[in-house]
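Text of the file start-v6.pdb, holding PDB, C-alpha atoms:
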```pdb
ATOM      1  CA  MET A  20     119.019 119.820 120.040  1.00  0.00           C
ATOM      2  CA  LYS A  21     116.092 117.588 119.225  1.00  0.00           C
ATOM      3  CA  ALA A  22     116.581 113.823 118.897  1.00  0.00           C
ATOM      4  CA  LEU A  23     115.232 112.092 115.832  1.00  0.00           C
ATOM      5  CA  PRO A  24     112.462 109.706 116.847  1.00  0.00           C
ATOM      6  CA  VAL A  25     113.392 106.382 115.265  1.00  0.00           C
ATOM      7  CA  GLU A  26     110.792 103.658 115.414  1.00  0.00           C
ATOM      8  CA  PRO A  27     112.165 100.406 116.800  1.00  0.00           C
ATOM      9  CA  THR A  28     111.922  97.407 114.551  1.00  0.00           C
ATOM     10  CA  ASN A  29     110.773  93.928 115.379  1.00  0.00           C
ATOM     11  CA  ALA A  30     112.840  92.481 112.531  1.00  0.00           C
ATOM     12  CA  PRO A  31     115.159  89.812 113.882  1.00  0.00           C
ATOM     13  CA  VAL A  32     118.890  90.452 113.817  1.00  0.00           C
ATOM     14  CA  VAL A  33     120.388  87.909 111.446  1.00  0.00           C
ATOM     15  CA  ILE A  34     123.865  86.893 112.651  1.00  0.00           C
ATOM     16  CA  GLY A  35     123.757  83.092 112.423  1.00  0.00           C
ATOM     17  CA  SER A  36     125.509  82.809 109.072  1.00  0.00           C
ATOM     18  CA  ARG A  37     128.340  85.038 110.328  1.00  0.00           C
ATOM     19  CA  ILE A  38     128.729  82.908 113.458  1.00  0.00           C
ATOM     20  CA  ARG A  39     128.810  79.756 111.293  1.00  0.00           C
ATOM     21  CA  ALA A  40     131.391  81.357 108.965  1.00  0.00           C
ATOM     22  CA  ALA A  41     133.562  82.327 111.960  1.00  0.00           C
ATOM     23  CA  ARG A  42     133.325  78.784 113.366  1.00  0.00           C
ATOM     24  CA  GLN A  43     134.264  77.279 109.988  1.00  0.00           C
ATOM     25  CA  ALA A  44     137.139  79.754 109.595  1.00  0.00           C
ATOM     26  CA  GLN A  45     138.482  78.485 112.937  1.00  0.00           C
ATOM     27  CA  ARG A  46     138.047  74.918 111.616  1.00  0.00           C
ATOM     28  CA  MET A  47     135.881  74.082 114.609  1.00  0.00           C
ATOM     29  CA  THR A  48     132.911  71.732 114.754  1.00  0.00           C
ATOM     30  CA  ILE A  49     129.709  72.600 116.600  1.00  0.00           C
ATOM     31  CA  GLU A  50     130.735  69.955 119.136  1.00  0.00           C
ATOM     32  CA  GLN A  51     134.050  71.721 119.788  1.00  0.00           C
ATOM     33  CA  VAL A  52     132.355  75.101 120.196  1.00  0.00           C
ATOM     34  CA  ALA A  53     129.768  73.559 122.521  1.00  0.00           C
ATOM     35  CA  ALA A  54     132.504  72.068 124.681  1.00  0.00           C
ATOM     36  CA  ALA A  55     134.442  75.354 124.810  1.00  0.00           C
ATOM     37  CA  THR A  56     131.415  77.558 125.576  1.00  0.00           C
ATOM     38  CA  GLY A  57     129.260  75.285 127.728  1.00  0.00           C
ATOM     39  CA  LEU A  58     126.362  75.810 125.306  1.00  0.00           C
ATOM     40  CA  THR A  59     124.528  72.825 123.817  1.00  0.00           C
ATOM     41  CA  LYS A  60     125.049  71.651 120.234  1.00  0.00           C
ATOM     42  CA  GLY A  61     121.326  72.022 119.582  1.00  0.00           C
ATOM     43  CA  PHE A  62     121.303  75.617 120.827  1.00  0.00           C
ATOM     44  CA  LEU A  63     124.362  76.508 118.728  1.00  0.00           C
ATOM     45  CA  SER A  64     122.799  74.898 115.679  1.00  0.00           C
ATOM     46  CA  ARG A  65     119.627  76.975 116.159  1.00  0.00           C
ATOM     47  CA  VAL A  66     121.718  80.147 116.609  1.00  0.00           C
ATOM     48  CA  GLU A  67     123.601  79.455 113.366  1.00  0.00           C
ATOM     49  CA  ARG A  68     120.261  79.022 111.553  1.00  0.00           C
ATOM     50  CA  ASP A  69     118.830  82.191 113.148  1.00  0.00           C
ATOM     51  CA  LEU A  70     116.071  80.175 114.814  1.00  0.00           C
ATOM     52  CA  THR A  71     116.981  81.588 118.225  1.00  0.00           C
ATOM     53  CA  SER A  72     119.001  84.495 119.588  1.00  0.00           C
ATOM     54  CA  PRO A  73     121.726  84.028 122.195  1.00  0.00           C
ATOM     55  CA  SER A  74     121.813  86.112 125.359  1.00  0.00           C
ATOM     56  CA  VAL A  75     124.449  88.821 125.569  1.00  0.00           C
ATOM     57  CA  ALA A  76     126.505  86.654 127.944  1.00  0.00           C
ATOM     58  CA  SER A  77     126.321  83.663 125.574  1.00  0.00           C
ATOM     59  CA  LEU A  78     127.207  85.879 122.612  1.00  0.00           C
ATOM     60  CA  VAL A  79     130.258  87.304 124.417  1.00  0.00           C
ATOM     61  CA  THR A  80     131.472  83.783 125.266  1.00  0.00           C
ATOM     62  CA  LEU A  81     130.800  82.538 121.735  1.00  0.00           C
ATOM     63  CA  CYS A  82     132.710  85.441 120.173  1.00  0.00           C
ATOM     64  CA  GLN A  83     135.671  84.889 122.522  1.00  0.00           C
ATOM     65  CA  VAL A  84     135.864  81.218 121.549  1.00  0.00           C
ATOM     66  CA  LEU A  85     135.576  82.083 117.835  1.00  0.00           C
ATOM     67  CA  SER A  86     138.148  84.937 118.099  1.00  0.00           C
ATOM     68  CA  ILE A  87     135.807  87.570 116.656  1.00  0.00           C
ATOM     69  CA  SER A  88     134.452  90.813 118.045  1.00  0.00           C
ATOM     70  CA  ILE A  89     130.754  91.165 118.708  1.00  0.00           C
ATOM     71  CA  GLY A  90     130.742  94.255 116.501  1.00  0.00           C
ATOM     72  CA  ASP A  91     131.868  92.193 113.501  1.00  0.00           C
ATOM     73  CA  LEU A  92     128.599  90.261 113.659  1.00  0.00           C
ATOM     74  CA  PHE A  93     126.597  93.439 113.098  1.00  0.00           C
ATOM     75  CA  LEU A  94     128.673  95.218 110.468  1.00  0.00           C
ATOM     76  CA  VAL A  95     126.907  95.982 107.230  1.00  0.00           C
ATOM     77  CA  PRO A  96     129.088  94.691 104.390  1.00  0.00           C
ATOM     78  CA  GLU A  97     130.499  97.402 102.159  1.00  0.00           C
ATOM     79  CA  THR A  98     129.079  96.894  98.698  1.00  0.00           C
ATOM     80  CA  HIS A  99     129.463  98.899  95.507  1.00  0.00           C
ATOM     81  CA  LEU A 100     127.254  98.537  92.454  1.00  0.00           C
ATOM     82  CA  THR A 101     128.583  99.651  89.075  1.00  0.00           C
ATOM     83  CA  ARG A 102     126.051  99.678  86.281  1.00  0.00           C
ATOM     84  CA  LEU A 103     127.594  99.248  82.843  1.00  0.00           C
ATOM     85  CA  ASP A 104     126.224 102.557  81.543  1.00  0.00           C
ATOM     86  CA  ASP A 105     127.677 104.377  84.564  1.00  0.00           C
ATOM     87  CA  ALA A 106     131.089 102.664  84.565  1.00  0.00           C
ATOM     88  CA  PRO A 107     133.865 105.170  83.883  1.00  0.00           C
ATOM     89  CA  ARG A 108     135.720 104.851  80.602  1.00  0.00           C
ATOM     90  CA  ILE A 109     139.434 104.235  80.921  1.00  0.00           C
ATOM     91  CA  SER A 110     142.228 103.701  78.449  1.00  0.00           C
ATOM     92  CA  LEU A 111     145.105 101.323  78.990  1.00  0.00           C
ATOM     93  CA  GLY A 112     146.232 101.690  75.378  1.00  0.00           C
ATOM     94  CA  GLY A 113     145.592  99.935  72.106  1.00  0.00           C
ATOM     95  CA  GLN A 114     143.433 100.535  69.053  1.00  0.00           C
ATOM     96  CA  GLY A 115     139.749  99.769  68.624  1.00  0.00           C
ATOM     97  CA  ILE A 116     139.052  99.145  72.297  1.00  0.00           C
ATOM     98  CA  ASN A 117     136.424 100.593  74.627  1.00  0.00           C
ATOM     99  CA  GLU A 118     137.349  99.913  78.255  1.00  0.00           C
ATOM    100  CA  ARG A 119     135.273 100.546  81.357  1.00  0.00           C
ATOM    101  CA  LEU A 120     136.290 100.197  84.991  1.00  0.00           C
ATOM    102  CA  MET A 121     133.657  97.925  86.584  1.00  0.00           C
ATOM    103  CA  THR A 122     134.936  98.017  90.174  1.00  0.00           C
ATOM    104  CA  ALA A 123     134.808 101.043  92.467  1.00  0.00           C
ATOM    105  CA  ARG A 124     137.566 103.579  91.818  1.00  0.00           C
ATOM    106  CA  SER A 125     138.559 103.237  95.473  1.00  0.00           C
ATOM    107  CA  GLU A 126     138.911  99.430  95.324  1.00  0.00           C
ATOM    108  CA  ARG A 127     142.576  98.515  95.819  1.00  0.00           C
ATOM    109  CA  ARG A 128     142.327  94.724  96.269  1.00  0.00           C
ATOM    110  CA  LEU A 129     141.437  94.138  92.624  1.00  0.00           C
ATOM    111  CA  GLN A 130     140.237  95.839  89.467  1.00  0.00           C
ATOM    112  CA  MET A 131     137.870  94.499  86.848  1.00  0.00           C
ATOM    113  CA  ILE A 132     137.898  96.094  83.419  1.00  0.00           C
ATOM    114  CA  ARG A 133     135.315  95.263  80.760  1.00  0.00           C
ATOM    115  CA  ALA A 134     136.620  95.765  77.241  1.00  0.00           C
ATOM    116  CA  VAL A 135     134.750  95.691  73.962  1.00  0.00           C
ATOM    117  CA  VAL A 136     137.298  95.205  71.192  1.00  0.00           C
ATOM    118  CA  GLU A 137     136.349  96.133  67.628  1.00  0.00           C
ATOM    119  CA  PRO A 138     137.061  93.701  64.780  1.00  0.00           C
ATOM    120  CA  HIS A 139     140.838  93.494  64.337  1.00  0.00           C
ATOM    121  CA  GLY A 140     141.450  95.815  67.308  1.00  0.00           C
ATOM    122  CA  ARG A 141     144.891  95.412  68.805  1.00  0.00           C
ATOM    123  CA  GLY A 142     147.118  96.286  71.723  1.00  0.00           C
ATOM    124  CA  GLU A 143     150.328  98.219  71.495  1.00  0.00           C
ATOM    125  CA  ASP A 144     153.020  96.991  69.096  1.00  0.00           C
ATOM    126  CA  GLU A 145     155.546  96.814  71.937  1.00  0.00           C
ATOM    127  CA  LEU A 146     154.906  94.272  74.677  1.00  0.00           C
ATOM    128  CA  TYR A 147     153.793  95.967  77.891  1.00  0.00           C
ATOM    129  CA  SER A 148     153.136  94.917  81.466  1.00  0.00           C
ATOM    130  CA  VAL A 149     150.689  96.036  84.131  1.00  0.00           C
ATOM    131  CA  ASP A 150     151.737  96.848  87.682  1.00  0.00           C
ATOM    132  CA  CYS A 151     149.865  94.065  89.481  1.00  0.00           C
ATOM    133  CA  GLU A 152     150.647  90.579  90.784  1.00  0.00           C
ATOM    134  CA  VAL A 153     148.114  88.574  88.757  1.00  0.00           C
ATOM    135  CA  GLU A 154     146.098  89.255  85.610  1.00  0.00           C
ATOM    136  CA  THR A 155     143.140  87.181  84.580  1.00  0.00           C
ATOM    137  CA  LEU A 156     141.492  87.573  81.202  1.00  0.00           C
ATOM    138  CA  HIS A 157     138.072  86.030  80.562  1.00  0.00           C
ATOM    139  CA  VAL A 158     136.592  86.078  77.054  1.00  0.00           C
ATOM    140  CA  VAL A 159     132.857  86.752  77.277  1.00  0.00           C
ATOM    141  CA  ALA A 160     132.199  86.867  73.534  1.00  0.00           C
ATOM    142  CA  GLY A 161     134.190  86.524  70.329  1.00  0.00           C
ATOM    143  CA  ARG A 162     137.806  85.490  69.947  1.00  0.00           C
ATOM    144  CA  PHE A 163     140.875  87.067  71.524  1.00  0.00           C
ATOM    145  CA  VAL A 164     144.628  86.487  71.270  1.00  0.00           C
ATOM    146  CA  VAL A 165     147.157  87.233  74.019  1.00  0.00           C
ATOM    147  CA  ILE A 166     150.790  87.384  72.874  1.00  0.00           C
ATOM    148  CA  PHE A 167     153.825  86.989  75.154  1.00  0.00           C
ATOM    149  CA  SER A 168     157.494  87.195  74.151  1.00  0.00           C
ATOM    150  CA  ASN A 169     157.673  83.438  73.504  1.00  0.00           C
ATOM    151  CA  ASP A 170     154.042  82.256  73.606  1.00  0.00           C
ATOM    152  CA  ARG A 171     150.619  82.971  72.110  1.00  0.00           C
ATOM    153  CA  TYR A 172     147.160  82.018  73.361  1.00  0.00           C
ATOM    154  CA  ASP A 173     144.180  81.890  71.009  1.00  0.00           C
ATOM    155  CA  LEU A 174     141.091  82.209  73.203  1.00  0.00           C
ATOM    156  CA  GLU A 175     137.390  81.778  72.494  1.00  0.00           C
ATOM    157  CA  ALA A 176     134.265  82.769  74.400  1.00  0.00           C
ATOM    158  CA  GLY A 177     134.312  81.061  77.793  1.00  0.00           C
ATOM    159  CA  ASP A 178     138.111  80.737  77.978  1.00  0.00           C
ATOM    160  CA  THR A 179     140.074  82.255  80.864  1.00  0.00           C
ATOM    161  CA  LEU A 180     143.815  82.939  80.940  1.00  0.00           C
ATOM    162  CA  THR A 181     145.694  83.728  84.172  1.00  0.00           C
ATOM    163  CA  PHE A 182     149.283  84.991  84.194  1.00  0.00           C
ATOM    164  CA  PRO A 183     151.719  87.101  86.242  1.00  0.00           C
ATOM    165  CA  GLY A 184     150.706  90.740  85.950  1.00  0.00           C
ATOM    166  CA  ARG A 185     154.178  92.011  85.251  1.00  0.00           C
ATOM    167  CA  GLU A 186     154.679  89.577  82.336  1.00  0.00           C
ATOM    168  CA  PRO A 187     155.134  91.633  79.121  1.00  0.00           C
ATOM    169  CA  HIS A 188     152.323  90.964  76.653  1.00  0.00           C
ATOM    170  CA  THR A 189     150.016  92.447  74.050  1.00  0.00           C
ATOM    171  CA  TRP A 190     146.746  91.345  72.474  1.00  0.00           C
ATOM    172  CA  LEU A 191     144.547  91.402  69.392  1.00  0.00           C
ATOM    173  CA  ASN A 192     141.094  90.541  68.143  1.00  0.00           C
ATOM    174  CA  PRO A 193     141.742  88.261  65.154  1.00  0.00           C
ATOM    175  CA  ASP A 194     138.125  88.252  63.914  1.00  0.00           C
ATOM    176  CA  GLY A 195     135.784  90.380  61.866  1.00  0.00           C
ATOM    177  CA  SER A 196     133.386  90.585  64.827  1.00  0.00           C
ATOM    178  CA  GLU A 197     133.793  92.342  68.145  1.00  0.00           C
ATOM    179  CA  ALA A 198     135.158  90.622  71.238  1.00  0.00           C
ATOM    180  CA  VAL A 199     134.088  91.278  74.824  1.00  0.00           C
ATOM    181  CA  VAL A 200     136.658  90.510  77.521  1.00  0.00           C
ATOM    182  CA  LEU A 201     136.960  90.983  81.273  1.00  0.00           C
ATOM    183  CA  TRP A 202     140.408  91.792  82.683  1.00  0.00           C
ATOM    184  CA  THR A 203     140.853  91.262  86.423  1.00  0.00           C
ATOM    185  CA  LEU A 204     143.967  92.751  88.021  1.00  0.00           C
ATOM    186  CA  VAL A 205     145.081  91.727  91.529  1.00  0.00           C
ATOM    187  CA  PRO A 206     145.834  93.959  93.334  1.00  0.00           C
ATOM    188  CA  ALA A 207     144.449  96.949  91.475  1.00  0.00           C
ATOM    189  CA  ALA A 208     147.019  98.302  89.004  1.00  0.00           C
ATOM    190  CA  SER A 209     148.652 101.594  89.769  1.00  0.00           C
ATOM    191  CA  GLY A 210     149.218 102.261  86.059  1.00  0.00           C
ATOM    192  CA  LYS A 211     151.209 101.043  83.091  1.00  0.00           C
TER     193      LYS A 211
END
```
In structure tokens, what does this structure look like?
Amino acid sequence: MKALPVEPTNAPVVIGSRIRAARQAQRMTIEQVAAATGLTKGFLSRVERDLTSPSVASLVTLCQVLSISIGDLFLVPETHLTRLDDAPRISLGGQGINERLMTARSERRLQMIRAVVEPHGRGEDELYSVDCEVETLHVVAGRFVVIFSNDRYDLEAGDTLTFPGREPHTWLNPDGSEAVVLWTLVPAASGK
């Protein structure tokens, strides 16, 4: 079997911001890390700004003090781009609504749904709830009304409403122009 010849790169490995984030997550100052590792504050500061690279021994010590694995510093973050035209259409119910799932189908931590609601479009007549802990609704354009069993919120562009996901509700577009809203569900809903 023939190995693929891969050209080495001279591009520096950028890990400083991840080291800084790990230090801040531990609520440690550079002084505290310096004292625990035996490295100087100046050296640590340069490492965090990617102005210098630590030796393997220094990196191992630094990661032990910060309670992270060396591998975590080099992981490529998992990203997913959804372009509006490619976002899958979904239907959570209602009339006069075009909904698209903007997050990856596999994303379970949260879901974002972009909805364009026609003039006077409306949710189901019966109040319904979504199987998630928290729902956030942000009105991008137009006006939008969210109705609960004993409350009603009239929202305008720029307004955001957050409520328990399992709280029964419905909605409507009270205007003669379309509304654009973003629903965020945490964690991702498993269905109605």
Residues near Arg128 (chain A), anyone? I mean within 12 Å using all atoms listed in the file, not counting same-chain ones fewer than 6 positions away, as a list in words. Thr122, Cys151, Glu152, Val153, Thr203, Leu204, Val205, Pro206, Ala207, Ala208 and Ser209 of chain A
Could you list, as a list in words, every residue matched by the PyMOL selection byres ((chain A and resi 146) around 10) in this structure?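 Against this file, the PyMOL selection byres ((chain A and resi 146) around 10) returns the residues Gly142, Glu143, Asp144, Glu145, Tyr147, Ser148, Ile166, Phe167, Ser168, Glu186, Pro187, His188, Thr189 and Trp190 of chain A.
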A:Ser72, A:Ser64, A:Thr101, A:Thr181 ranked by distance to Trp202 (chain A), top pick (using only C-alpha atoms) |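 Comparing A:Ser72, A:Ser64, A:Thr101, A:Thr181 against Trp202 (chain A), the winner is A:Thr181.
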Axis-aligned box for all listed atoms of region 71-89 of chain A, 8 Å per side, centre and edges in Å to one decimal, as AutoDock Vina command-line options:
```
--center_x 127.6 --center_y 86.2 --center_z 122.3 --size_x 37.2 --size_y 25.9 --size_z 27.3
```
CA of Ile34 (chain A) to CA of Leu129 (chain A) measures 27.6 Å
- Query: What does the PyMOL selection byres ((chain A and resi 98) around 12) select in this file, as a ChimeraX atom specification?
  - Reply: /A:94-97,99-101,122-123,125-126
| field | Hits from the PyMOL selection byres ((chain A and resi 52) around 12), listed as number ranges by chain | value | A: 38-39, 41-43, 45-51, 53-64, 67, 77, 80-86
Who sits within 9 Å of Glu175 (chain A), only C-alpha atoms, same chain under 6 positions skipped, as a list in words: Val158, Val159, Ala160, Gly161, Arg162, Phe163 and Val164 of chain A
**Prompt:** If you measure from CA of Leu201 (chain A) to CA of Met131 (chain A), what distance in Å do you get, rounded to one decimal?
**Reply:**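 Calculated distance between CA of Leu201 (chain A) and CA of Met131 (chain A) is 6.7 Å.
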With distances taken over all atoms listed in the file, the candidate from A:Arg119, A:Arg141, A:Arg124, A:Arg133 nearest Thr155 (chain A) is A:Arg133
Fill in: Interatomic distance (Å, one decimal) between CA of Val135 (chain A) and CA of Asn192 (chain A)
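It comes out at 10.0 Å.
For the choices A:Asp194, A:Asp173, A:Asp178, A:Asp105, the atom-to-atom distance to Glu137 (chain A) is smallest for A:Asp194 when using only C-alpha atoms.
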Restricting the calculation to all atoms listed in the file: of A:Leu103, A:Val165, A:Ile109, A:Val136, which residue gets closest to Met121 (chain A)?
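Between A:Leu103, A:Val165, A:Ile109, A:Val136, the residue approaching Met121 (chain A) most closely is A:Leu103.
Of the listed residues A:Pro138, A:Phe182, A:Gln130, A:Val200, the one whose atoms come nearest to His157 (chain A) is A:Val200, with distances taken using only C-alpha atoms.
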